[in-house]
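Data block for data-v1.json (JSON, C-alpha atoms and all ligand atoms):
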```
[["chain", "number", "residue", "atom", "x", "y", "z"],
["A", 85, "MET", "CA", 37.44, 179.49, 59.88],
["A", 86, "THR", "CA", 40.17, 181.57, 61.54],
["A", 87, "GLN", "CA", 38.73, 184.93, 60.60],
["A", 88, "ALA", "CA", 35.33, 183.64, 61.73],
["A", 89, "SER", "CA", 36.86, 182.57, 65.05],
["A", 90, "LEU", "CA", 38.42, 185.97, 65.61],
["A", 91, "GLU", "CA", 35.08, 187.57, 64.84],
["A", 92, "THR", "CA", 33.42, 185.17, 67.32],
["A", 93, "ILE", "CA", 35.94, 186.21, 69.97],
["A", 94, "ARG", "CA", 35.41, 189.90, 69.22],
["A", 95, "ALA", "CA", 31.65, 189.47, 69.28],
["A", 96, "ALA", "CA", 31.85, 187.73, 72.67],
["A", 97, "SER", "CA", 33.95, 190.56, 74.19],
["A", 98, "PRO", "CA", 34.10, 191.60, 76.94],
["A", 99, "ALA", "CA", 34.39, 187.99, 78.02],
["A", 100, "VAL", "CA", 35.66, 185.72, 80.75],
["A", 101, "LEU", "CA", 37.90, 182.99, 79.30],
["A", 102, "PRO", "CA", 38.34, 179.94, 81.53],
["A", 103, "SER", "CA", 41.98, 178.90, 81.69],
["A", 104, "LEU", "CA", 42.37, 175.14, 81.32],
["A", 105, "LEU", "CA", 45.18, 174.79, 83.82],
["A", 106, "LEU", "CA", 43.40, 174.11, 87.08],
["A", 107, "CYS", "CA", 40.55, 172.07, 85.58],
["A", 108, "ASP", "CA", 39.82, 168.36, 86.04],
["A", 109, "PHE", "CA", 41.99, 166.74, 83.36],
["A", 110, "GLY", "CA", 40.38, 163.40, 84.16],
["A", 111, "ASP", "CA", 37.10, 164.73, 82.81],
["A", 112, "LEU", "CA", 37.96, 167.27, 80.13],
["A", 113, "LYS", "CA", 34.83, 166.58, 78.10],
["A", 114, "GLY", "CA", 32.68, 167.16, 81.19],
["A", 115, "GLU", "CA", 34.60, 170.33, 82.06],
["A", 116, "VAL", "CA", 34.02, 171.76, 78.56],
["A", 117, "SER", "CA", 30.34, 171.03, 78.83],
["A", 118, "ARG", "CA", 30.07, 172.58, 82.34],
["A", 119, "LEU", "CA", 31.98, 175.68, 81.16],
["A", 120, "ALA", "CA", 29.72, 176.07, 78.11],
["A", 121, "ASP", "CA", 26.66, 175.78, 80.39],
["A", 122, "ALA", "CA", 28.17, 178.42, 82.67],
["A", 123, "GLY", "CA", 28.47, 180.85, 79.75],
["A", 124, "ALA", "CA", 31.99, 180.34, 78.38],
["A", 125, "LYS", "CA", 32.30, 181.41, 74.75],
["A", 126, "VAL", "CA", 36.06, 180.91, 74.26],
["A", 127, "LEU", "CA", 38.50, 178.46, 75.91],
["A", 128, "HIS", "CA", 42.00, 179.55, 76.96],
["A", 129, "LEU", "CA", 44.55, 176.72, 76.82],
["A", 130, "ASP", "CA", 47.77, 176.99, 78.85],
["A", 131, "VAL", "CA", 50.60, 175.21, 77.04],
["A", 132, "MET", "CA", 53.83, 175.09, 79.12],
["A", 133, "ASP", "CA", 57.09, 173.37, 78.23],
["A", 134, "GLY", "CA", 59.03, 173.21, 81.52],
["A", 135, "HIS", "CA", 61.73, 175.34, 79.87],
["A", 136, "PHE", "CA", 60.35, 178.79, 79.09],
["A", 137, "VAL", "CA", 58.40, 178.45, 82.36],
["A", 138, "PRO", "CA", 59.22, 176.09, 85.26],
["A", 139, "ASN", "CA", 56.00, 174.13, 84.84],
["A", 140, "MET", "CA", 54.68, 171.64, 82.28],
["A", 141, "THR", "CA", 51.15, 171.09, 81.09],
["A", 142, "TYR", "CA", 50.02, 169.69, 77.76],
["A", 143, "ALA", "CA", 50.32, 170.23, 74.03],
["A", 144, "MET", "CA", 48.77, 169.23, 70.69],
["A", 145, "PRO", "CA", 46.93, 166.01, 71.70],
["A", 146, "ILE", "CA", 44.85, 167.90, 74.28],
["A", 147, "VAL", "CA", 44.18, 170.76, 71.85],
["A", 148, "GLU", "CA", 43.08, 168.23, 69.25],
["A", 149, "GLY", "CA", 40.91, 166.37, 71.77],
["A", 150, "LEU", "CA", 39.20, 169.57, 72.86],
["A", 151, "ARG", "CA", 38.68, 170.56, 69.22],
["A", 152, "ARG", "CA", 36.60, 167.40, 68.74],
["A", 153, "HIS", "CA", 34.34, 168.28, 71.66],
["A", 154, "THR", "CA", 33.62, 171.95, 71.18],
["A", 155, "GLU", "CA", 33.08, 174.58, 68.53],
["A", 156, "MET", "CA", 34.20, 177.32, 70.90],
["A", 157, "PRO", "CA", 37.29, 179.17, 69.64],
["A", 158, "LEU", "CA", 40.48, 177.74, 71.17],
["A", 159, "ASP", "CA", 42.84, 180.45, 72.39],
["A", 160, "VAL", "CA", 46.23, 178.78, 72.87],
["A", 161, "HIS", "CA", 48.73, 180.54, 75.16],
["A", 162, "MET", "CA", 52.13, 179.11, 74.26],
["A", 163, "MET", "CA", 54.41, 179.49, 77.27],
["A", 164, "ILE", "CA", 57.18, 177.74, 75.37],
["A", 165, "SER", "CA", 60.74, 178.55, 74.28],
["A", 166, "ASP", "CA", 60.30, 177.77, 70.61],
["A", 167, "PRO", "CA", 56.88, 178.94, 69.44],
["A", 168, "LEU", "CA", 57.72, 178.80, 65.72],
["A", 169, "THR", "CA", 58.53, 175.08, 65.87],
["A", 170, "TYR", "CA", 55.15, 174.25, 67.40],
["A", 171, "ALA", "CA", 52.92, 176.84, 65.73],
["A", 172, "LYS", "CA", 51.93, 174.68, 62.74],
["A", 173, "PRO", "CA", 51.28, 171.55, 64.84],
["A", 174, "MET", "CA", 49.08, 173.70, 67.09],
["A", 175, "VAL", "CA", 47.16, 175.06, 64.09],
["A", 176, "ASP", "CA", 46.76, 171.52, 62.73],
["A", 177, "ALA", "CA", 45.47, 170.44, 66.16],
["A", 178, "GLY", "CA", 42.74, 173.08, 65.99],
["A", 179, "ALA", "CA", 44.04, 176.28, 67.61],
["A", 180, "ASP", "CA", 42.19, 179.41, 66.45],
["A", 181, "LEU", "CA", 44.28, 182.05, 68.17],
["A", 182, "LEU", "CA", 47.96, 181.39, 68.91],
["A", 183, "THR", "CA", 49.78, 183.57, 71.42],
["A", 184, "PHE", "CA", 53.54, 183.53, 71.83],
["A", 185, "HIS", "CA", 55.68, 185.27, 74.46],
["A", 186, "ALA", "CA", 57.81, 188.26, 73.40],
["A", 187, "GLU", "CA", 60.47, 187.09, 75.89],
["A", 188, "ALA", "CA", 60.81, 183.75, 74.07],
["A", 189, "VAL", "CA", 61.81, 185.12, 70.67],
["A", 190, "ILE", "CA", 64.51, 187.31, 69.14],
["A", 191, "ASP", "CA", 62.26, 189.16, 66.71],
["A", 192, "ALA", "CA", 58.62, 189.42, 67.83],
["A", 193, "ALA", "CA", 57.47, 191.11, 64.59],
["A", 194, "GLU", "CA", 59.01, 188.38, 62.43],
["A", 195, "THR", "CA", 57.57, 185.65, 64.69],
["A", 196, "ALA", "CA", 54.08, 187.19, 64.51],
["A", 197, "GLN", "CA", 54.24, 187.37, 60.71],
["A", 198, "GLN", "CA", 55.42, 183.77, 60.36],
["A", 199, "ILE", "CA", 52.63, 182.51, 62.63],
["A", 200, "ALA", "CA", 50.03, 184.60, 60.76],
["A", 201, "GLU", "CA", 51.16, 182.97, 57.48],
["A", 202, "LEU", "CA", 49.82, 179.69, 58.88],
["A", 203, "GLY", "CA", 46.32, 181.14, 58.61],
["A", 204, "VAL", "CA", 45.70, 181.55, 62.33],
["A", 205, "SER", "CA", 45.02, 184.63, 64.45],
["A", 206, "VAL", "CA", 48.06, 185.78, 66.44],
["A", 207, "GLY", "CA", 48.62, 187.18, 69.90],
["A", 208, "VAL", "CA", 51.77, 188.39, 71.61],
["A", 209, "ALA", "CA", 52.14, 188.07, 75.39],
["A", 210, "LEU", "CA", 54.38, 189.91, 77.78],
["A", 211, "ASN", "CA", 55.26, 189.19, 81.40],
["A", 212, "PRO", "CA", 54.93, 191.88, 84.09],
["A", 213, "ASP", "CA", 58.60, 192.96, 83.90],
["A", 214, "THR", "CA", 58.67, 193.17, 80.11],
["A", 215, "PRO", "CA", 58.21, 196.72, 78.81],
["A", 216, "LEU", "CA", 55.66, 197.57, 76.13],
["A", 217, "ALA", "CA", 58.52, 198.89, 73.98],
["A", 218, "SER", "CA", 59.58, 195.28, 73.36],
["A", 219, "ILE", "CA", 56.39, 194.59, 71.37],
["A", 220, "ALA", "CA", 56.03, 197.94, 69.59],
["A", 221, "SER", "CA", 57.33, 196.65, 66.25],
["A", 222, "CYS", "CA", 55.07, 193.62, 66.22],
["A", 223, "LEU", "CA", 51.80, 195.41, 67.06],
["A", 224, "PRO", "CA", 50.87, 195.91, 63.37],
["A", 225, "HIS", "CA", 51.19, 192.14, 62.88],
["A", 226, "VAL", "CA", 49.10, 190.80, 65.80],
["A", 227, "ASP", "CA", 45.38, 190.47, 66.44],
["A", 228, "MET", "CA", 45.70, 190.55, 70.22],
["A", 229, "VAL", "CA", 48.05, 191.51, 73.07],
["A", 230, "LEU", "CA", 48.05, 189.37, 76.21],
["A", 231, "VAL", "CA", 49.16, 191.44, 79.20],
["A", 232, "MET", "CA", 50.28, 189.11, 81.99],
["A", 233, "SER", "CA", 49.33, 190.24, 85.48],
["A", 234, "VAL", "CA", 51.45, 187.44, 87.02],
["A", 235, "GLU", "CA", 54.70, 185.86, 85.88],
["A", 236, "ALA", "CA", 53.70, 183.13, 83.40],
["A", 237, "GLY", "CA", 53.90, 179.59, 84.74],
["A", 238, "PHE", "CA", 51.44, 178.96, 87.55],
["A", 239, "GLY", "CA", 47.85, 179.57, 88.52],
["A", 240, "GLY", "CA", 46.86, 181.05, 91.87],
["A", 241, "GLN", "CA", 49.38, 183.94, 91.95],
["A", 242, "LYS", "CA", 48.74, 187.49, 93.17],
["A", 243, "PHE", "CA", 47.61, 190.11, 90.65],
["A", 244, "ASN", "CA", 50.30, 192.64, 89.67],
["A", 245, "PRO", "CA", 48.72, 196.07, 88.95],
["A", 246, "ILE", "CA", 51.49, 196.99, 86.51],
["A", 247, "ALA", "CA", 49.26, 195.21, 83.98],
["A", 248, "LEU", "CA", 46.67, 197.98, 84.32],
["A", 249, "GLU", "CA", 49.16, 200.66, 83.23],
["A", 250, "LYS", "CA", 50.08, 198.60, 80.18],
["A", 251, "LEU", "CA", 46.43, 198.02, 79.27],
["A", 252, "ARG", "CA", 45.67, 201.74, 79.51],
["A", 253, "ALA", "CA", 48.67, 202.62, 77.32],
["A", 254, "LEU", "CA", 47.74, 200.00, 74.70],
["A", 255, "ARG", "CA", 44.08, 201.07, 74.69],
["A", 256, "ASP", "CA", 45.00, 204.75, 74.36],
["A", 257, "ALA", "CA", 47.26, 203.91, 71.41],
["A", 258, "ASP", "CA", 44.69, 201.74, 69.60],
["A", 259, "PRO", "CA", 40.97, 201.65, 70.38],
["A", 260, "ASP", "CA", 40.46, 198.50, 68.25],
["A", 261, "LEU", "CA", 43.28, 196.20, 69.35],
["A", 262, "LEU", "CA", 42.00, 193.13, 71.20],
["A", 263, "LEU", "CA", 43.45, 193.16, 74.74],
["A", 264, "GLN", "CA", 43.63, 190.19, 77.10],
["A", 265, "ILE", "CA", 44.75, 189.95, 80.72],
["A", 266, "ASP", "CA", 45.83, 186.80, 82.55],
["A", 267, "GLY", "CA", 46.73, 186.09, 86.15],
["A", 268, "GLY", "CA", 45.02, 186.76, 89.47],
["A", 269, "ILE", "CA", 41.76, 187.80, 87.84],
["A", 270, "ASP", "CA", 38.84, 187.57, 90.25],
["A", 271, "ALA", "CA", 35.86, 189.68, 91.32],
["A", 272, "SER", "CA", 38.19, 192.32, 92.82],
["A", 273, "THR", "CA", 40.55, 192.73, 89.84],
["A", 274, "ILE", "CA", 38.31, 192.20, 86.80],
["A", 275, "GLY", "CA", 36.56, 195.61, 87.17],
["A", 276, "PRO", "CA", 39.81, 197.62, 87.20],
["A", 277, "ALA", "CA", 41.06, 195.59, 84.22],
["A", 278, "ARG", "CA", 37.87, 196.31, 82.29],
["A", 279, "ALA", "CA", 38.07, 200.00, 83.18],
["A", 280, "ALA", "CA", 41.65, 199.98, 81.84],
["A", 281, "GLY", "CA", 40.31, 198.88, 78.45],
["A", 282, "CYS", "CA", 40.67, 195.10, 78.55],
["A", 283, "ASP", "CA", 38.41, 192.88, 76.43],
["A", 284, "LEU", "CA", 39.27, 189.31, 77.45],
["A", 285, "PHE", "CA", 39.81, 188.12, 81.02],
["A", 286, "VAL", "CA", 41.57, 184.81, 81.55],
["A", 287, "VAL", "CA", 40.45, 183.19, 84.79],
["A", 288, "GLY", "CA", 41.70, 180.04, 86.53],
["A", 289, "SER", "CA", 41.29, 179.91, 90.32],
["A", 290, "ALA", "CA", 38.21, 182.14, 90.50],
["A", 291, "ILE", "CA", 36.32, 179.56, 88.40],
["A", 292, "PHE", "CA", 37.92, 176.18, 89.03],
["A", 293, "LYS", "CA", 38.21, 176.56, 92.80],
["A", 294, "LYS", "CA", 34.43, 177.11, 92.95],
["A", 295, "ASP", "CA", 31.89, 174.29, 92.90],
["A", 296, "ASP", "CA", 29.38, 176.29, 90.86],
["A", 297, "TYR", "CA", 30.88, 177.54, 87.58],
["A", 298, "LYS", "CA", 27.66, 179.33, 86.63],
["A", 299, "ALA", "CA", 27.77, 181.37, 89.85],
["A", 300, "ALA", "CA", 31.49, 182.07, 89.31],
["A", 301, "PHE", "CA", 30.80, 183.42, 85.79],
["A", 302, "ALA", "CA", 27.87, 185.50, 87.09],
["A", 303, "ASP", "CA", 30.03, 187.05, 89.86],
["A", 304, "LEU", "CA", 32.85, 187.84, 87.43],
["A", 305, "ASN", "CA", 30.52, 189.31, 84.82],
["A", 306, "ALA", "CA", 28.82, 191.51, 87.43],
["A", 307, "ALA", "CA", 32.17, 192.68, 88.83],
["A", 308, "MET", "CA", 33.54, 193.32, 85.32],
["A", 309, "THR", "CA", 31.37, 196.38, 84.81],
["A", 310, "SER", "CA", 30.99, 197.50, 88.42],
["A", 311, "GLU", "CA", 33.93, 199.92, 88.34],
["A", 312, "ILE", "CA", 32.74, 201.48, 85.08],
["A", 313, "LYS", "CA", 29.18, 201.87, 86.44],
["A", 314, "THR", "CA", 30.58, 203.39, 89.64],
["A", 315, "GLU", "CA", 32.63, 205.89, 87.62],
["A", 316, "MET", "CA", 29.51, 206.85, 85.62],
["A", 317, "ASN", "CA", 27.61, 207.41, 88.89],
["A", 318, "GLY", "CA", 30.28, 209.82, 90.13],
["A", 319, "GLY", "CA", 31.85, 207.28, 92.48],
["A", 320, "GLN", "CA", 28.57, 206.03, 94.02],
["A", 321, "ALA", "CA", 28.13, 202.24, 93.82],
["B", 1, "LIG", "O1", 48.79, 181.42, 82.18],
["B", 1, "LIG", "C1", 48.54, 181.41, 83.35],
["B", 1, "LIG", "C2", 49.64, 181.21, 84.31],
["B", 1, "LIG", "O2", 50.82, 181.14, 83.60],
["B", 1, "LIG", "C3", 47.15, 181.67, 83.75],
["B", 1, "LIG", "O3", 46.23, 181.25, 82.78],
["B", 1, "LIG", "C4", 46.74, 181.25, 85.09],
["B", 1, "LIG", "O4", 46.56, 179.89, 85.09],
["B", 1, "LIG", "C5", 45.49, 181.91, 85.55],
["B", 1, "LIG", "O5", 45.18, 181.36, 86.76],
["B", 1, "LIG", "P1", 44.70, 182.24, 87.97],
["B", 1, "LIG", "O6", 45.76, 183.29, 88.22],
["B", 1, "LIG", "O7", 43.39, 182.85, 87.54],
["B", 1, "LIG", "O8", 44.57, 181.27, 89.10]]
```
Could you show the structure in this file as structure tokens?
Amino acid sequence: MTQASLETIRAASPAVLPSLLLCDFGDLKGEVSRLADAGAKVLHLDVMDGHFVPNMTYAMPIVEGLRRHTEMPLDVHMMISDPLTYAKPMVDAGADLLTFHAEAVIDAAETAQQIAELGVSVGVALNPDTPLASIASCLPHVDMVLVMSVEAGFGGQKFNPIALEKLRALRDADPDLLLQIDGGIDASTIGPARAAGCDLFVVGSAIFKKDDYKAAFADLNAAMTSEIKTEMNGGQA
């Protein structure tokens, strides 16, 4: 199931992943159905503990509830202080890909290996101020790197272009590593992120603040490749 989910995520790439942070939590089932209709292939779930980040969201019961309503892979972004304590409960709840923050743990390589032993795909995330060197030792043990383009904790923040430098460096070092970006992704930032080598684009405001999710996905998908097409046309749009 897990390997299949990772393959589903890879096959869907490049892809826009709606971030379930700014959605209507009073109608989660309806939101999942509207997102699937709009073209979502993977759901990104923002788990926050009010300790690692100064904001709280939800945990296993919501993951488990979503699992019952969709077959889409569930990509769980754990913005929590103690990812190893909650990794197994998250897997049991139905997470397919579990991402922990490098800043939250003492040994990122050891953490990645322990999570992988649970039979789930593993991602490591790093905030804008965290250098790539801090995840170097765990890269052989992860399926994905999540490059934050805002400080983890809240939706609606401004995109930090330092993420583009990190994406380029990671892509140059490994053409096959799955790369995800999160924070301030909209029609103006998704193209540069794609051109920097990113595969998965986590989007909150630019979907959930729009009435028409289908139109939001269409705009993002068109903008995703616009910079690459422009480069191929020698700078002409
Ligand atoms: O994890 C986070 C924030 O910590 C993100 O998933 C944001 O929620 C994305 O929202 P926008 O920046 O797109 O509004």
Worksheet entry | Close residues, stretch 305-307 of chain A itself excluded, 9 Å, only C-alpha atoms, min 3 positions apart in chain, as a PyMOL selection string | chain A and resi 98-100+270-275+300-302+310-311
Excluding same-chain residues fewer than 6 positions from A:Ala217, what lies within 12 Å of it counting all atoms listed in the file, as a compact mmCIF listing (two decimals) with C-alpha atoms, in the coordinates of the input?
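Contents of out.txt, as written:
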```
# COMPACT_ATOMS: atom_id res chain seq x y z
CA ALA A 186 57.81 188.26 73.40
CA ALA A 192 58.62 189.42 67.83
CA LEU A 210 54.38 189.91 77.78
CA LEU A 223 51.80 195.41 67.06
CA LYS A 250 50.08 198.60 80.18
CA ALA A 253 48.67 202.62 77.32
CA LEU A 254 47.74 200.00 74.70
```
Practice prompt. Using only C-alpha atoms, pick whichever of A:Ala143, A:Leu90, A:Val131, A:Leu168 has the shortest atom-to-atom distance to A:Leu261.
Written response: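 Looking at the shortest contact to A:Leu261, the residue is A:Leu90.
For the choices A:Glu235, A:Glu115, A:Asp260, A:Asp159, the atom-to-atom distance to ligand LIG 1 (chain B) is smallest for A:Glu235 when using only C-alpha atoms and all ligand atoms.
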Worksheet item: Residues within 9 Å of ligand LIG 1 (chain B) (only C-alpha atoms and all ligand atoms), as a ChimeraX atom specification?
Response: /A:102-106,128-132,137,139,161-163,232-243,266-270,286-293
Discussion item. Please list as a ChimeraX atom specification every residue within 9 Å of A:Ala209, counting all atoms listed in the file and excluding residues in the same chain fewer than 4 positions away.
Written reply: /A:161,183-187,219,228-232,264
Keeping only C-alpha atoms, write those residues as a PDB file, in the frame of the given file.
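Result file follows (out-v7.pdb):
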```
ATOM      1  CA  HIS A 161      48.730 180.540  75.160  1.00  0.00           C
ATOM      2  CA  THR A 183      49.780 183.570  71.420  1.00  0.00           C
ATOM      3  CA  PHE A 184      53.540 183.530  71.830  1.00  0.00           C
ATOM      4  CA  HIS A 185      55.680 185.270  74.460  1.00  0.00           C
ATOM      5  CA  ALA A 186      57.810 188.260  73.400  1.00  0.00           C
ATOM      6  CA  GLU A 187      60.470 187.090  75.890  1.00  0.00           C
ATOM      7  CA  ILE A 219      56.390 194.590  71.370  1.00  0.00           C
ATOM      8  CA  MET A 228      45.700 190.550  70.220  1.00  0.00           C
ATOM      9  CA  VAL A 229      48.050 191.510  73.070  1.00  0.00           C
ATOM     10  CA  LEU A 230      48.050 189.370  76.210  1.00  0.00           C
ATOM     11  CA  VAL A 231      49.160 191.440  79.200  1.00  0.00           C
ATOM     12  CA  MET A 232      50.280 189.110  81.990  1.00  0.00           C
ATOM     13  CA  GLN A 264      43.630 190.190  77.100  1.00  0.00           C
TER      14      GLN A 264
END
```
Fill in: Exercise: A:Met156 partners within 7 Å, all atoms listed in the file, chain neighbours under 6 positions left out, as a VMD selection string
chain A and resid 125 to 127
Practice prompt. Pick out the residues sitting within 10 Å of A:Ile199, and hand them over as a PyMOL selection string; count only C-alpha atoms, and ignore anything fewer than 2 positions along from it in its own chain.
Written response: chain A and resi 167-168+170-172+175+182-184+194-197+201-207+225-226
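Close to (38.9, 165.1, 73.2), meaning no more than 12 Å away when counting all atoms listed in the file, sit the residues Phe109, Gly110, Asp111, Leu112, Lys113, Gly114, Glu115, Val116, Ser117, Met144, Pro145, Ile146, Val147, Glu148, Gly149, Leu150, Arg151, Arg152, His153, Thr154, Ala177 and Gly178 of chain A.
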Starting from the incomplete input, reconstruct N, CA and C atoms of stretch 277-306 of chain A and report them as a PDB file, in the frame of the given file.
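To be explicit, this is the file written out as rebuild-v2.pdb:
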```pdb
ATOM      1  N   ALA A 277      40.498 195.975  85.523  1.00  0.00           N
ATOM      2  CA  ALA A 277      41.060 195.590  84.220  1.00  0.00           C
ATOM      3  C   ALA A 277      40.125 196.019  83.088  1.00  0.00           C
ATOM      4  N   ARG A 278      38.832 195.871  83.294  1.00  0.00           N
ATOM      5  CA  ARG A 278      37.870 196.310  82.290  1.00  0.00           C
ATOM      6  C   ARG A 278      37.928 197.834  82.110  1.00  0.00           C
ATOM      7  N   ALA A 279      38.012 198.529  83.243  1.00  0.00           N
ATOM      8  CA  ALA A 279      38.070 200.000  83.180  1.00  0.00           C
ATOM      9  C   ALA A 279      39.346 200.462  82.469  1.00  0.00           C
ATOM     10  N   ALA A 280      40.395 199.640  82.518  1.00  0.00           N
ATOM     11  CA  ALA A 280      41.650 199.980  81.840  1.00  0.00           C
ATOM     12  C   ALA A 280      41.592 199.674  80.346  1.00  0.00           C
ATOM     13  N   GLY A 281      40.485 199.096  79.888  1.00  0.00           N
ATOM     14  CA  GLY A 281      40.310 198.880  78.450  1.00  0.00           C
ATOM     15  C   GLY A 281      40.425 197.444  77.985  1.00  0.00           C
ATOM     16  N   CYS A 282      40.487 196.509  78.943  1.00  0.00           N
ATOM     17  CA  CYS A 282      40.670 195.100  78.550  1.00  0.00           C
ATOM     18  C   CYS A 282      39.378 194.490  77.994  1.00  0.00           C
ATOM     19  N   ASP A 283      39.547 193.555  77.064  1.00  0.00           N
ATOM     20  CA  ASP A 283      38.410 192.880  76.430  1.00  0.00           C
ATOM     21  C   ASP A 283      38.216 191.454  76.919  1.00  0.00           C
ATOM     22  N   LEU A 284      39.325 190.759  77.163  1.00  0.00           N
ATOM     23  CA  LEU A 284      39.270 189.310  77.450  1.00  0.00           C
ATOM     24  C   LEU A 284      39.996 189.028  78.760  1.00  0.00           C
ATOM     25  N   PHE A 285      39.320 188.310  79.653  1.00  0.00           N
ATOM     26  CA  PHE A 285      39.810 188.120  81.020  1.00  0.00           C
ATOM     27  C   PHE A 285      40.013 186.636  81.262  1.00  0.00           C
ATOM     28  N   VAL A 286      41.263 186.218  81.335  1.00  0.00           N
ATOM     29  CA  VAL A 286      41.570 184.810  81.550  1.00  0.00           C
ATOM     30  C   VAL A 286      41.471 184.510  83.049  1.00  0.00           C
ATOM     31  N   VAL A 287      40.709 183.475  83.375  1.00  0.00           N
ATOM     32  CA  VAL A 287      40.450 183.190  84.790  1.00  0.00           C
ATOM     33  C   VAL A 287      40.663 181.703  85.080  1.00  0.00           C
ATOM     34  N   GLY A 288      41.485 181.422  86.080  1.00  0.00           N
ATOM     35  CA  GLY A 288      41.700 180.040  86.530  1.00  0.00           C
ATOM     36  C   GLY A 288      41.034 179.818  87.871  1.00  0.00           C
ATOM     37  N   SER A 289      41.741 180.198  88.956  1.00  0.00           N
ATOM     38  CA  SER A 289      41.290 179.910  90.320  1.00  0.00           C
ATOM     39  C   SER A 289      39.855 180.375  90.602  1.00  0.00           C
ATOM     40  N   ALA A 290      39.516 181.578  90.138  1.00  0.00           N
ATOM     41  CA  ALA A 290      38.210 182.140  90.500  1.00  0.00           C
ATOM     42  C   ALA A 290      37.053 181.398  89.824  1.00  0.00           C
ATOM     43  N   ILE A 291      37.357 180.448  88.944  1.00  0.00           N
ATOM     44  CA  ILE A 291      36.320 179.560  88.400  1.00  0.00           C
ATOM     45  C   ILE A 291      36.518 178.153  88.959  1.00  0.00           C
ATOM     46  N   PHE A 292      37.735 177.620  88.772  1.00  0.00           N
ATOM     47  CA  PHE A 292      37.920 176.180  89.030  1.00  0.00           C
ATOM     48  C   PHE A 292      38.014 175.836  90.523  1.00  0.00           C
ATOM     49  N   LYS A 293      38.224 176.845  91.363  1.00  0.00           N
ATOM     50  CA  LYS A 293      38.210 176.560  92.800  1.00  0.00           C
ATOM     51  C   LYS A 293      36.814 176.711  93.396  1.00  0.00           C
ATOM     52  N   LYS A 294      35.834 176.997  92.517  1.00  0.00           N
ATOM     53  CA  LYS A 294      34.430 177.110  92.950  1.00  0.00           C
ATOM     54  C   LYS A 294      33.693 175.856  92.513  1.00  0.00           C
ATOM     55  N   ASP A 295      32.688 175.467  93.290  1.00  0.00           N
ATOM     56  CA  ASP A 295      31.890 174.290  92.900  1.00  0.00           C
ATOM     57  C   ASP A 295      30.920 174.642  91.777  1.00  0.00           C
ATOM     58  N   ASP A 296      30.437 175.890  91.785  1.00  0.00           N
ATOM     59  CA  ASP A 296      29.380 176.290  90.860  1.00  0.00           C
ATOM     60  C   ASP A 296      29.960 177.243  89.803  1.00  0.00           C
ATOM     61  N   TYR A 297      30.268 176.706  88.629  1.00  0.00           N
ATOM     62  CA  TYR A 297      30.880 177.540  87.580  1.00  0.00           C
ATOM     63  C   TYR A 297      29.930 178.655  87.117  1.00  0.00           C
ATOM     64  N   LYS A 298      28.621 178.324  87.106  1.00  0.00           N
ATOM     65  CA  LYS A 298      27.660 179.330  86.630  1.00  0.00           C
ATOM     66  C   LYS A 298      27.690 180.547  87.561  1.00  0.00           C
ATOM     67  N   ALA A 299      27.721 180.272  88.872  1.00  0.00           N
ATOM     68  CA  ALA A 299      27.770 181.370  89.850  1.00  0.00           C
ATOM     69  C   ALA A 299      29.093 182.124  89.721  1.00  0.00           C
ATOM     70  N   ALA A 300      30.180 181.409  89.462  1.00  0.00           N
ATOM     71  CA  ALA A 300      31.490 182.070  89.310  1.00  0.00           C
ATOM     72  C   ALA A 300      31.457 183.014  88.109  1.00  0.00           C
ATOM     73  N   PHE A 301      30.905 182.551  86.964  1.00  0.00           N
ATOM     74  CA  PHE A 301      30.800 183.420  85.790  1.00  0.00           C
ATOM     75  C   PHE A 301      29.907 184.639  86.092  1.00  0.00           C
ATOM     76  N   ALA A 302      28.799 184.397  86.789  1.00  0.00           N
ATOM     77  CA  ALA A 302      27.870 185.500  87.090  1.00  0.00           C
ATOM     78  C   ALA A 302      28.572 186.546  87.962  1.00  0.00           C
ATOM     79  N   ASP A 303      29.323 186.100  88.981  1.00  0.00           N
ATOM     80  CA  ASP A 303      30.030 187.050  89.860  1.00  0.00           C
ATOM     81  C   ASP A 303      31.060 187.853  89.067  1.00  0.00           C
ATOM     82  N   LEU A 304      31.811 187.156  88.210  1.00  0.00           N
ATOM     83  CA  LEU A 304      32.850 187.840  87.430  1.00  0.00           C
ATOM     84  C   LEU A 304      32.232 188.829  86.450  1.00  0.00           C
ATOM     85  N   ASN A 305      31.156 188.416  85.793  1.00  0.00           N
ATOM     86  CA  ASN A 305      30.520 189.310  84.820  1.00  0.00           C
ATOM     87  C   ASN A 305      29.933 190.546  85.503  1.00  0.00           C
ATOM     88  N   ALA A 306      29.371 190.351  86.694  1.00  0.00           N
ATOM     89  CA  ALA A 306      28.820 191.510  87.430  1.00  0.00           C
ATOM     90  C   ALA A 306      29.949 192.437  87.852  1.00  0.00           C
TER      91      ALA A 306
END
```
